[in-house]
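Okay, run.cif now, which holds mmCIF, N, CA and C atoms:
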```
data_data
loop_
_atom_site.group_PDB
_atom_site.id
_atom_site.type_symbol
_atom_site.label_atom_id
_atom_site.label_comp_id
_atom_site.auth_asym_id
_atom_site.auth_seq_id
_atom_site.Cartn_x
_atom_site.Cartn_y
_atom_site.Cartn_z
ATOM 1 N N MET A 1 -59.297 -30.636 63.010
ATOM 2 C CA MET A 1 -59.753 -29.647 63.960
ATOM 3 C C MET A 1 -59.655 -28.261 63.339
ATOM 4 N N ASP A 2 -60.628 -27.469 63.624
ATOM 5 C CA ASP A 2 -60.653 -26.113 63.091
ATOM 6 C C ASP A 2 -60.187 -25.141 64.169
ATOM 7 N N TYR A 3 -58.935 -24.740 64.076
ATOM 8 C CA TYR A 3 -58.313 -23.866 65.069
ATOM 9 C C TYR A 3 -59.103 -22.579 65.253
ATOM 10 N N ARG A 4 -59.495 -21.958 64.174
ATOM 11 C CA ARG A 4 -60.173 -20.665 64.277
ATOM 12 C C ARG A 4 -61.544 -20.783 64.946
ATOM 13 N N ALA A 5 -62.248 -21.845 64.688
ATOM 14 C CA ALA A 5 -63.551 -22.061 65.331
ATOM 15 C C ALA A 5 -63.368 -22.360 66.817
ATOM 16 N N LEU A 6 -62.329 -23.093 67.166
ATOM 17 C CA LEU A 6 -62.088 -23.419 68.568
ATOM 18 C C LEU A 6 -61.687 -22.198 69.389
ATOM 19 N N ARG A 7 -61.096 -21.210 68.765
ATOM 20 C CA ARG A 7 -60.766 -19.961 69.481
ATOM 21 C C ARG A 7 -62.031 -19.297 70.025
ATOM 22 N N GLU A 8 -63.144 -19.532 69.371
ATOM 23 C CA GLU A 8 -64.420 -18.950 69.791
ATOM 24 C C GLU A 8 -65.056 -19.731 70.941
ATOM 25 N N ARG A 9 -64.490 -20.886 71.286
ATOM 26 C CA ARG A 9 -64.985 -21.705 72.398
ATOM 27 C C ARG A 9 -63.870 -21.857 73.427
ATOM 28 N N PRO A 10 -63.706 -20.865 74.296
ATOM 29 C CA PRO A 10 -62.562 -20.823 75.214
ATOM 30 C C PRO A 10 -62.407 -22.051 76.115
ATOM 31 N N ARG A 11 -63.510 -22.612 76.593
ATOM 32 C CA ARG A 11 -63.397 -23.789 77.473
ATOM 33 C C ARG A 11 -62.838 -24.980 76.714
ATOM 34 N N GLN A 12 -63.294 -25.178 75.504
ATOM 35 C CA GLN A 12 -62.800 -26.292 74.697
ATOM 36 C C GLN A 12 -61.353 -26.038 74.277
ATOM 37 N N PHE A 13 -61.025 -24.810 73.946
ATOM 38 C CA PHE A 13 -59.656 -24.441 73.584
ATOM 39 C C PHE A 13 -58.714 -24.742 74.747
ATOM 40 N N LEU A 14 -59.118 -24.375 75.956
ATOM 41 C CA LEU A 14 -58.333 -24.642 77.157
ATOM 42 C C LEU A 14 -58.173 -26.147 77.382
ATOM 43 N N ALA A 15 -59.226 -26.898 77.183
ATOM 44 C CA ALA A 15 -59.166 -28.348 77.374
ATOM 45 C C ALA A 15 -58.205 -29.013 76.388
ATOM 46 N N LEU A 16 -58.128 -28.487 75.183
ATOM 47 C CA LEU A 16 -57.269 -29.088 74.161
ATOM 48 C C LEU A 16 -55.806 -28.672 74.264
ATOM 49 N N THR A 17 -55.549 -27.456 74.752
ATOM 50 C CA THR A 17 -54.183 -26.925 74.724
ATOM 51 C C THR A 17 -53.580 -26.646 76.101
ATOM 52 N N SER A 18 -54.401 -26.612 77.136
ATOM 53 C CA SER A 18 -53.996 -26.210 78.490
ATOM 54 C C SER A 18 -53.670 -24.723 78.578
ATOM 55 N N LEU A 19 -54.057 -23.957 77.588
ATOM 56 C CA LEU A 19 -53.822 -22.513 77.589
ATOM 57 C C LEU A 19 -55.112 -21.768 77.295
ATOM 58 N N HIS A 20 -55.274 -20.622 77.935
ATOM 59 C CA HIS A 20 -56.358 -19.716 77.569
ATOM 60 C C HIS A 20 -55.967 -19.057 76.242
ATOM 61 N N VAL A 21 -56.941 -18.549 75.530
ATOM 62 C CA VAL A 21 -56.674 -17.939 74.222
ATOM 63 C C VAL A 21 -55.652 -16.802 74.352
ATOM 64 N N ALA A 22 -55.763 -15.979 75.385
ATOM 65 C CA ALA A 22 -54.811 -14.877 75.583
ATOM 66 C C ALA A 22 -53.400 -15.404 75.836
ATOM 67 N N GLU A 23 -53.287 -16.490 76.593
ATOM 68 C CA GLU A 23 -51.971 -17.094 76.852
ATOM 69 C C GLU A 23 -51.388 -17.673 75.561
ATOM 70 N N PHE A 24 -52.254 -18.278 74.759
ATOM 71 C CA PHE A 24 -51.832 -18.815 73.472
ATOM 72 C C PHE A 24 -51.290 -17.685 72.596
ATOM 73 N N ASP A 25 -51.996 -16.566 72.560
ATOM 74 C CA ASP A 25 -51.563 -15.427 71.756
ATOM 75 C C ASP A 25 -50.210 -14.893 72.225
ATOM 76 N N ASP A 26 -50.003 -14.864 73.551
ATOM 77 C CA ASP A 26 -48.705 -14.434 74.081
ATOM 78 C C ASP A 26 -47.591 -15.380 73.652
ATOM 79 N N LEU A 27 -47.857 -16.675 73.732
ATOM 80 C CA LEU A 27 -46.861 -17.668 73.317
ATOM 81 C C LEU A 27 -46.594 -17.576 71.818
ATOM 82 N N LEU A 28 -47.630 -17.294 71.066
ATOM 83 C CA LEU A 28 -47.501 -17.192 69.612
ATOM 84 C C LEU A 28 -46.561 -16.063 69.197
ATOM 85 N N THR A 29 -46.521 -14.982 69.965
ATOM 86 C CA THR A 29 -45.630 -13.864 69.611
ATOM 87 C C THR A 29 -44.162 -14.273 69.681
ATOM 88 N N ALA A 30 -43.828 -15.248 70.514
ATOM 89 C CA ALA A 30 -42.451 -15.756 70.574
ATOM 90 C C ALA A 30 -42.246 -16.918 69.603
ATOM 91 N N PHE A 31 -43.278 -17.756 69.439
ATOM 92 C CA PHE A 31 -43.154 -18.947 68.594
ATOM 93 C C PHE A 31 -43.025 -18.600 67.113
ATOM 94 N N ALA A 32 -43.851 -17.686 66.633
ATOM 95 C CA ALA A 32 -43.903 -17.382 65.197
ATOM 96 C C ALA A 32 -42.546 -16.957 64.640
ATOM 97 N N PRO A 33 -41.857 -15.977 65.217
ATOM 98 C CA PRO A 33 -40.556 -15.592 64.651
ATOM 99 C C PRO A 33 -39.512 -16.708 64.777
ATOM 100 N N ALA A 34 -39.565 -17.451 65.881
ATOM 101 C CA ALA A 34 -38.596 -18.547 66.059
ATOM 102 C C ALA A 34 -38.824 -19.631 65.013
ATOM 103 N N TRP A 35 -40.085 -19.979 64.759
ATOM 104 C CA TRP A 35 -40.395 -20.993 63.759
ATOM 105 C C TRP A 35 -39.970 -20.516 62.369
ATOM 106 N N GLU A 36 -40.271 -19.282 62.041
ATOM 107 C CA GLU A 36 -39.949 -18.765 60.716
ATOM 108 C C GLU A 36 -38.440 -18.714 60.486
ATOM 109 N N ARG A 37 -37.677 -18.336 61.517
ATOM 110 C CA ARG A 37 -36.207 -18.350 61.397
ATOM 111 C C ARG A 37 -35.687 -19.764 61.164
ATOM 112 N N HIS A 38 -36.205 -20.705 61.937
ATOM 113 C CA HIS A 38 -35.750 -22.092 61.805
ATOM 114 C C HIS A 38 -36.146 -22.659 60.446
ATOM 115 N N HIS A 39 -37.410 -22.485 60.075
ATOM 116 C CA HIS A 39 -37.906 -23.073 58.824
ATOM 117 C C HIS A 39 -37.244 -22.455 57.597
ATOM 118 N N ARG A 40 -36.816 -21.230 57.705
ATOM 119 C CA ARG A 40 -36.144 -20.577 56.570
ATOM 120 C C ARG A 40 -34.884 -21.337 56.175
ATOM 121 N N TRP A 41 -34.162 -21.889 57.146
ATOM 122 C CA TRP A 41 -32.876 -22.542 56.870
ATOM 123 C C TRP A 41 -32.877 -24.051 57.063
ATOM 124 N N HIS A 42 -33.989 -24.653 57.527
ATOM 125 C CA HIS A 42 -34.041 -26.093 57.770
ATOM 126 C C HIS A 42 -35.336 -26.686 57.219
ATOM 127 N N THR A 43 -35.241 -27.931 56.778
ATOM 128 C CA THR A 43 -36.427 -28.649 56.323
ATOM 129 C C THR A 43 -37.148 -29.213 57.545
ATOM 130 N N LEU A 44 -38.339 -29.792 57.334
ATOM 131 C CA LEU A 44 -39.049 -30.424 58.435
ATOM 132 C C LEU A 44 -38.291 -31.627 58.976
ATOM 133 N N ALA A 45 -37.457 -32.225 58.149
ATOM 134 C CA ALA A 45 -36.635 -33.359 58.588
ATOM 135 C C ALA A 45 -35.410 -32.885 59.376
ATOM 136 N N GLY A 46 -35.199 -31.571 59.467
ATOM 137 C CA GLY A 46 -34.082 -31.034 60.235
ATOM 138 C C GLY A 46 -32.809 -30.824 59.435
ATOM 139 N N LYS A 47 -32.870 -31.098 58.140
ATOM 140 C CA LYS A 47 -31.683 -30.915 57.294
ATOM 141 C C LYS A 47 -31.546 -29.454 56.890
ATOM 142 N N ARG A 48 -30.317 -29.017 56.772
ATOM 143 C CA ARG A 48 -30.039 -27.628 56.372
ATOM 144 C C ARG A 48 -30.388 -27.443 54.901
ATOM 145 N N ARG A 49 -31.078 -26.367 54.581
ATOM 146 C CA ARG A 49 -31.434 -26.053 53.185
ATOM 147 C C ARG A 49 -30.229 -25.451 52.466
ATOM 148 N N GLN A 50 -30.130 -25.710 51.175
ATOM 149 C CA GLN A 50 -29.078 -25.087 50.374
ATOM 150 C C GLN A 50 -29.398 -23.619 50.138
ATOM 151 N N PHE A 51 -30.672 -23.331 49.952
ATOM 152 C CA PHE A 51 -31.136 -21.971 49.715
ATOM 153 C C PHE A 51 -32.259 -21.673 50.711
ATOM 154 N N PRO A 52 -32.349 -20.473 51.210
ATOM 155 C CA PRO A 52 -33.390 -20.172 52.202
ATOM 156 C C PRO A 52 -34.789 -20.230 51.602
ATOM 157 N N ALA A 53 -35.725 -20.710 52.392
ATOM 158 C CA ALA A 53 -37.131 -20.696 51.993
ATOM 159 C C ALA A 53 -37.656 -19.295 52.293
ATOM 160 N N HIS A 54 -38.255 -18.661 51.320
ATOM 161 C CA HIS A 54 -38.696 -17.282 51.503
ATOM 162 C C HIS A 54 -40.111 -17.180 52.034
ATOM 163 N N ARG A 55 -40.923 -18.197 51.777
ATOM 164 C CA ARG A 55 -42.294 -18.173 52.281
ATOM 165 C C ARG A 55 -42.828 -19.596 52.348
ATOM 166 N N GLU A 56 -43.906 -19.721 53.063
ATOM 167 C CA GLU A 56 -44.562 -21.013 53.210
ATOM 168 C C GLU A 56 -45.213 -21.402 51.887
ATOM 169 N N ARG A 57 -45.235 -22.682 51.620
ATOM 170 C CA ARG A 57 -45.872 -23.146 50.380
ATOM 171 C C ARG A 57 -47.369 -22.887 50.434
ATOM 172 N N PRO A 58 -47.944 -22.517 49.319
ATOM 173 C CA PRO A 58 -49.389 -22.230 49.315
ATOM 174 C C PRO A 58 -50.241 -23.476 49.559
ATOM 175 N N THR A 59 -49.671 -24.657 49.382
ATOM 176 C CA THR A 59 -50.415 -25.900 49.576
ATOM 177 C C THR A 59 -50.223 -26.487 50.974
ATOM 178 N N ALA A 60 -49.604 -25.751 51.875
ATOM 179 C CA ALA A 60 -49.328 -26.262 53.223
ATOM 180 C C ALA A 60 -50.636 -26.577 53.952
ATOM 181 N N VAL A 61 -50.705 -27.777 54.531
ATOM 182 C CA VAL A 61 -51.903 -28.180 55.267
ATOM 183 C C VAL A 61 -51.989 -27.414 56.583
ATOM 184 N N LEU A 62 -50.873 -27.274 57.261
ATOM 185 C CA LEU A 62 -50.830 -26.515 58.509
ATOM 186 C C LEU A 62 -50.275 -25.129 58.202
ATOM 187 N N ALA A 63 -51.081 -24.337 57.546
ATOM 188 C CA ALA A 63 -50.644 -23.019 57.105
ATOM 189 C C ALA A 63 -50.728 -22.006 58.240
ATOM 190 N N GLY A 64 -49.644 -21.322 58.473
ATOM 191 C CA GLY A 64 -49.598 -20.279 59.486
ATOM 192 C C GLY A 64 -48.996 -20.771 60.791
ATOM 193 N N SER A 65 -48.271 -19.892 61.439
ATOM 194 C CA SER A 65 -47.625 -20.242 62.703
ATOM 195 C C SER A 65 -48.647 -20.543 63.789
ATOM 196 N N ASP A 66 -49.799 -19.872 63.743
ATOM 197 C CA ASP A 66 -50.812 -20.114 64.763
ATOM 198 C C ASP A 66 -51.355 -21.538 64.692
ATOM 199 N N VAL A 67 -51.581 -22.036 63.503
ATOM 200 C CA VAL A 67 -52.086 -23.400 63.336
ATOM 201 C C VAL A 67 -51.009 -24.411 63.730
ATOM 202 N N LYS A 68 -49.768 -24.132 63.388
ATOM 203 C CA LYS A 68 -48.669 -25.031 63.776
ATOM 204 C C LYS A 68 -48.537 -25.114 65.298
ATOM 205 N N LEU A 69 -48.602 -23.976 65.974
ATOM 206 C CA LEU A 69 -48.503 -23.967 67.428
ATOM 207 C C LEU A 69 -49.689 -24.700 68.042
ATOM 208 N N PHE A 70 -50.882 -24.493 67.519
ATOM 209 C CA PHE A 70 -52.064 -25.195 68.014
ATOM 210 C C PHE A 70 -51.894 -26.704 67.843
ATOM 211 N N PHE A 71 -51.401 -27.125 66.702
ATOM 212 C CA PHE A 71 -51.144 -28.541 66.433
ATOM 213 C C PHE A 71 -50.178 -29.113 67.472
ATOM 214 N N LEU A 72 -49.069 -28.414 67.708
ATOM 215 C CA LEU A 72 -48.070 -28.893 68.669
ATOM 216 C C LEU A 72 -48.647 -28.981 70.083
ATOM 217 N N LEU A 73 -49.381 -27.981 70.493
ATOM 218 C CA LEU A 73 -49.931 -27.989 71.850
ATOM 219 C C LEU A 73 -50.969 -29.085 72.045
ATOM 220 N N THR A 74 -51.824 -29.301 71.055
ATOM 221 C CA THR A 74 -52.813 -30.382 71.190
ATOM 222 C C THR A 74 -52.118 -31.738 71.179
ATOM 223 N N TYR A 75 -51.064 -31.868 70.404
ATOM 224 C CA TYR A 75 -50.308 -33.131 70.373
ATOM 225 C C TYR A 75 -49.667 -33.392 71.732
ATOM 226 N N LEU A 76 -49.034 -32.385 72.302
ATOM 227 C CA LEU A 76 -48.380 -32.555 73.594
ATOM 228 C C LEU A 76 -49.395 -32.772 74.724
ATOM 229 N N LYS A 77 -50.520 -32.092 74.661
ATOM 230 C CA LYS A 77 -51.537 -32.206 75.709
ATOM 231 C C LYS A 77 -52.178 -33.585 75.708
ATOM 232 N N SER A 78 -52.570 -34.064 74.550
ATOM 233 C CA SER A 78 -53.329 -35.309 74.498
ATOM 234 C C SER A 78 -52.435 -36.540 74.383
ATOM 235 N N ASN A 79 -51.186 -36.343 73.937
ATOM 236 C CA ASN A 79 -50.285 -37.464 73.719
ATOM 237 C C ASN A 79 -50.997 -38.542 72.908
ATOM 238 N N ALA A 80 -51.719 -38.097 71.919
ATOM 239 C CA ALA A 80 -52.537 -38.991 71.105
ATOM 240 C C ALA A 80 -51.674 -39.881 70.213
ATOM 241 N N LEU A 81 -52.283 -40.922 69.721
ATOM 242 C CA LEU A 81 -51.611 -41.729 68.717
ATOM 243 C C LEU A 81 -51.355 -40.861 67.497
ATOM 244 N N GLN A 82 -50.237 -41.061 66.869
ATOM 245 C CA GLN A 82 -49.895 -40.235 65.715
ATOM 246 C C GLN A 82 -50.947 -40.359 64.621
ATOM 247 N N GLU A 83 -51.520 -41.520 64.457
ATOM 248 C CA GLU A 83 -52.536 -41.713 63.419
ATOM 249 C C GLU A 83 -53.785 -40.885 63.730
ATOM 250 N N HIS A 84 -54.153 -40.800 64.994
ATOM 251 C CA HIS A 84 -55.304 -39.984 65.395
ATOM 252 C C HIS A 84 -55.030 -38.511 65.136
ATOM 253 N N GLN A 85 -53.842 -38.058 65.506
ATOM 254 C CA GLN A 85 -53.468 -36.656 65.283
ATOM 255 C C GLN A 85 -53.461 -36.353 63.786
ATOM 256 N N ALA A 86 -52.962 -37.273 62.989
ATOM 257 C CA ALA A 86 -52.929 -37.086 61.537
ATOM 258 C C ALA A 86 -54.349 -36.958 60.976
ATOM 259 N N ALA A 87 -55.238 -37.825 61.424
ATOM 260 C CA ALA A 87 -56.618 -37.788 60.931
ATOM 261 C C ALA A 87 -57.318 -36.507 61.366
ATOM 262 N N SER A 88 -57.042 -36.036 62.564
ATOM 263 C CA SER A 88 -57.691 -34.823 63.068
ATOM 264 C C SER A 88 -57.305 -33.584 62.275
ATOM 265 N N PHE A 89 -56.057 -33.546 61.794
ATOM 266 C CA PHE A 89 -55.567 -32.362 61.094
ATOM 267 C C PHE A 89 -55.446 -32.560 59.587
ATOM 268 N N GLY A 90 -55.821 -33.735 59.091
ATOM 269 C CA GLY A 90 -55.820 -33.969 57.657
ATOM 270 C C GLY A 90 -54.433 -34.103 57.048
ATOM 271 N N VAL A 91 -53.489 -34.691 57.803
ATOM 272 C CA VAL A 91 -52.160 -34.941 57.281
ATOM 273 C C VAL A 91 -51.841 -36.418 57.450
ATOM 274 N N SER A 92 -50.729 -36.864 56.912
ATOM 275 C CA SER A 92 -50.344 -38.266 57.033
ATOM 276 C C SER A 92 -49.674 -38.521 58.373
ATOM 277 N N GLN A 93 -49.639 -39.780 58.780
ATOM 278 C CA GLN A 93 -48.972 -40.151 60.029
ATOM 279 C C GLN A 93 -47.495 -39.828 59.957
ATOM 280 N N ALA A 94 -46.904 -39.975 58.805
ATOM 281 C CA ALA A 94 -45.477 -39.670 58.645
ATOM 282 C C ALA A 94 -45.193 -38.189 58.903
ATOM 283 N N ARG A 95 -46.098 -37.319 58.489
ATOM 284 C CA ARG A 95 -45.913 -35.866 58.727
ATOM 285 C C ARG A 95 -46.013 -35.553 60.215
ATOM 286 N N VAL A 96 -46.888 -36.254 60.925
ATOM 287 C CA VAL A 96 -47.024 -36.040 62.369
ATOM 288 C C VAL A 96 -45.752 -36.476 63.074
ATOM 289 N N SER A 97 -45.206 -37.586 62.638
ATOM 290 C CA SER A 97 -43.980 -38.125 63.240
ATOM 291 C C SER A 97 -42.848 -37.163 63.067
#
```
Conversion result in structure tokens:
Amino acid sequence: MDYRALRERPRQFLALTSLHVAEFDDLLTAFAPAWERHHRWHTLAGKRRQFPAHRERPTAVLAGSDVKLFFLLTYLKSNALQEHQAASFGVSQARVS
């Protein structure tokens, strides 16, 4: 799914996330700093890092807090099979899990 293209289609964005674009932006202002604080000291598996991560990897499939939040909201809204969610966002089922 192309998050940026869907922002231009408000009805479809609402159907996928249950939020209007403005509401999503408001939520993003709280989500982004919280995610960055957590990710700095923890891995995706939840383990504490020995050294802080200073920035996101350039090869990240879900690059940016906005894309991560969109991924989470569509996952929670649709309660899709993990394999479907993985295929939609171009990641493995294990990463979705």
Minimum-distance residue to A:Gln93, chosen among A:Arg7, A:Leu81, A:Ala45, A:Ala15 (using all atoms listed in the file):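 Of A:Arg7, A:Leu81, A:Ala45, A:Ala15, the one nearest A:Gln93, counting all atoms listed in the file, is A:Leu81.
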Between atom CA of A:Asp25 and atom C of A:Leu69, distance in Å (one decimal):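 Computing it gives 10.2 Å between the two atoms.
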Backbone DSSP call of helix (DSSP H, G or I) for chain A, listed as an MDAnalysis selection string: chainID A and resid 3:7 10:17 21:41 65:78 82:89 93:96
Would you mind telling me which residue in A:Val91, A:Glu83, A:Trp35, A:Ala22 lies nearest to A:Val61 when using all atoms listed in the file?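 Among A:Val91, A:Glu83, A:Trp35, A:Ala22, it is A:Val91 that comes nearest to A:Val61.
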Figure out the distance between atom CA of A:Ala30 and atom N of A:Val96, please, to one decimal in Å.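 Straight-line distance from atom N of A:Val96 to atom CA of A:Ala30 works out to 23.1 Å.
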Could you work out how far atom CA of A:Met1 lies from atom N of A:Ser88, giving the answer in Å with one decimal? 7.1 Å
When you count all atoms listed in the file, which of these residues is closest to A:Arg9: A:Ala32, A:Ala86, A:Val21, A:Leu62?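 Distance minimum relative to A:Arg9 lands on A:Val21.
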With distances taken over all atoms listed in the file, which of A:Leu27, A:Thr17, A:His54, A:Val67 is nearest to A:Arg40?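 Of A:Leu27, A:Thr17, A:His54, A:Val67, the one nearest A:Arg40 is A:His54, counting all atoms listed in the file.
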Give me the residues within 8 Å of A:His20 as a list in words, counting all atoms listed in the file and dropping any in the same chain fewer than 6 places off. Pro10, Arg11, Phe13, Leu14 and Asp26 of chain A
Where does the PyMOL selection byres (((chain A and resi 74 and name CA) around 10) and name CA) land in this file, that is, which residues does it pick, as a PyMOL selection string? chain A and resi 13-18+69-73+75-80+85
Could you dump the residues just selected with N, CA and C atoms as a JSON list (two decimals), in the coordinates of the input?
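To be explicit, this is the file written out as result_16.json:
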```json
[["chain", "number", "residue", "atom", "x", "y", "z"],
["A", 13, "PHE", "N", -61.02, -24.81, 73.95],
["A", 13, "PHE", "CA", -59.66, -24.44, 73.58],
["A", 13, "PHE", "C", -58.71, -24.74, 74.75],
["A", 14, "LEU", "N", -59.12, -24.38, 75.96],
["A", 14, "LEU", "CA", -58.33, -24.64, 77.16],
["A", 14, "LEU", "C", -58.17, -26.15, 77.38],
["A", 15, "ALA", "N", -59.23, -26.90, 77.18],
["A", 15, "ALA", "CA", -59.17, -28.35, 77.37],
["A", 15, "ALA", "C", -58.20, -29.01, 76.39],
["A", 16, "LEU", "N", -58.13, -28.49, 75.18],
["A", 16, "LEU", "CA", -57.27, -29.09, 74.16],
["A", 16, "LEU", "C", -55.81, -28.67, 74.26],
["A", 17, "THR", "N", -55.55, -27.46, 74.75],
["A", 17, "THR", "CA", -54.18, -26.92, 74.72],
["A", 17, "THR", "C", -53.58, -26.65, 76.10],
["A", 18, "SER", "N", -54.40, -26.61, 77.14],
["A", 18, "SER", "CA", -54.00, -26.21, 78.49],
["A", 18, "SER", "C", -53.67, -24.72, 78.58],
["A", 69, "LEU", "N", -48.60, -23.98, 65.97],
["A", 69, "LEU", "CA", -48.50, -23.97, 67.43],
["A", 69, "LEU", "C", -49.69, -24.70, 68.04],
["A", 70, "PHE", "N", -50.88, -24.49, 67.52],
["A", 70, "PHE", "CA", -52.06, -25.20, 68.01],
["A", 70, "PHE", "C", -51.89, -26.70, 67.84],
["A", 71, "PHE", "N", -51.40, -27.12, 66.70],
["A", 71, "PHE", "CA", -51.14, -28.54, 66.43],
["A", 71, "PHE", "C", -50.18, -29.11, 67.47],
["A", 72, "LEU", "N", -49.07, -28.41, 67.71],
["A", 72, "LEU", "CA", -48.07, -28.89, 68.67],
["A", 72, "LEU", "C", -48.65, -28.98, 70.08],
["A", 73, "LEU", "N", -49.38, -27.98, 70.49],
["A", 73, "LEU", "CA", -49.93, -27.99, 71.85],
["A", 73, "LEU", "C", -50.97, -29.08, 72.04],
["A", 75, "TYR", "N", -51.06, -31.87, 70.40],
["A", 75, "TYR", "CA", -50.31, -33.13, 70.37],
["A", 75, "TYR", "C", -49.67, -33.39, 71.73],
["A", 76, "LEU", "N", -49.03, -32.38, 72.30],
["A", 76, "LEU", "CA", -48.38, -32.56, 73.59],
["A", 76, "LEU", "C", -49.40, -32.77, 74.72],
["A", 77, "LYS", "N", -50.52, -32.09, 74.66],
["A", 77, "LYS", "CA", -51.54, -32.21, 75.71],
["A", 77, "LYS", "C", -52.18, -33.58, 75.71],
["A", 78, "SER", "N", -52.57, -34.06, 74.55],
["A", 78, "SER", "CA", -53.33, -35.31, 74.50],
["A", 78, "SER", "C", -52.44, -36.54, 74.38],
["A", 79, "ASN", "N", -51.19, -36.34, 73.94],
["A", 79, "ASN", "CA", -50.28, -37.46, 73.72],
["A", 79, "ASN", "C", -51.00, -38.54, 72.91],
["A", 80, "ALA", "N", -51.72, -38.10, 71.92],
["A", 80, "ALA", "CA", -52.54, -38.99, 71.10],
["A", 80, "ALA", "C", -51.67, -39.88, 70.21],
["A", 85, "GLN", "N", -53.84, -38.06, 65.51],
["A", 85, "GLN", "CA", -53.47, -36.66, 65.28],
["A", 85, "GLN", "C", -53.46, -36.35, 63.79]]
```
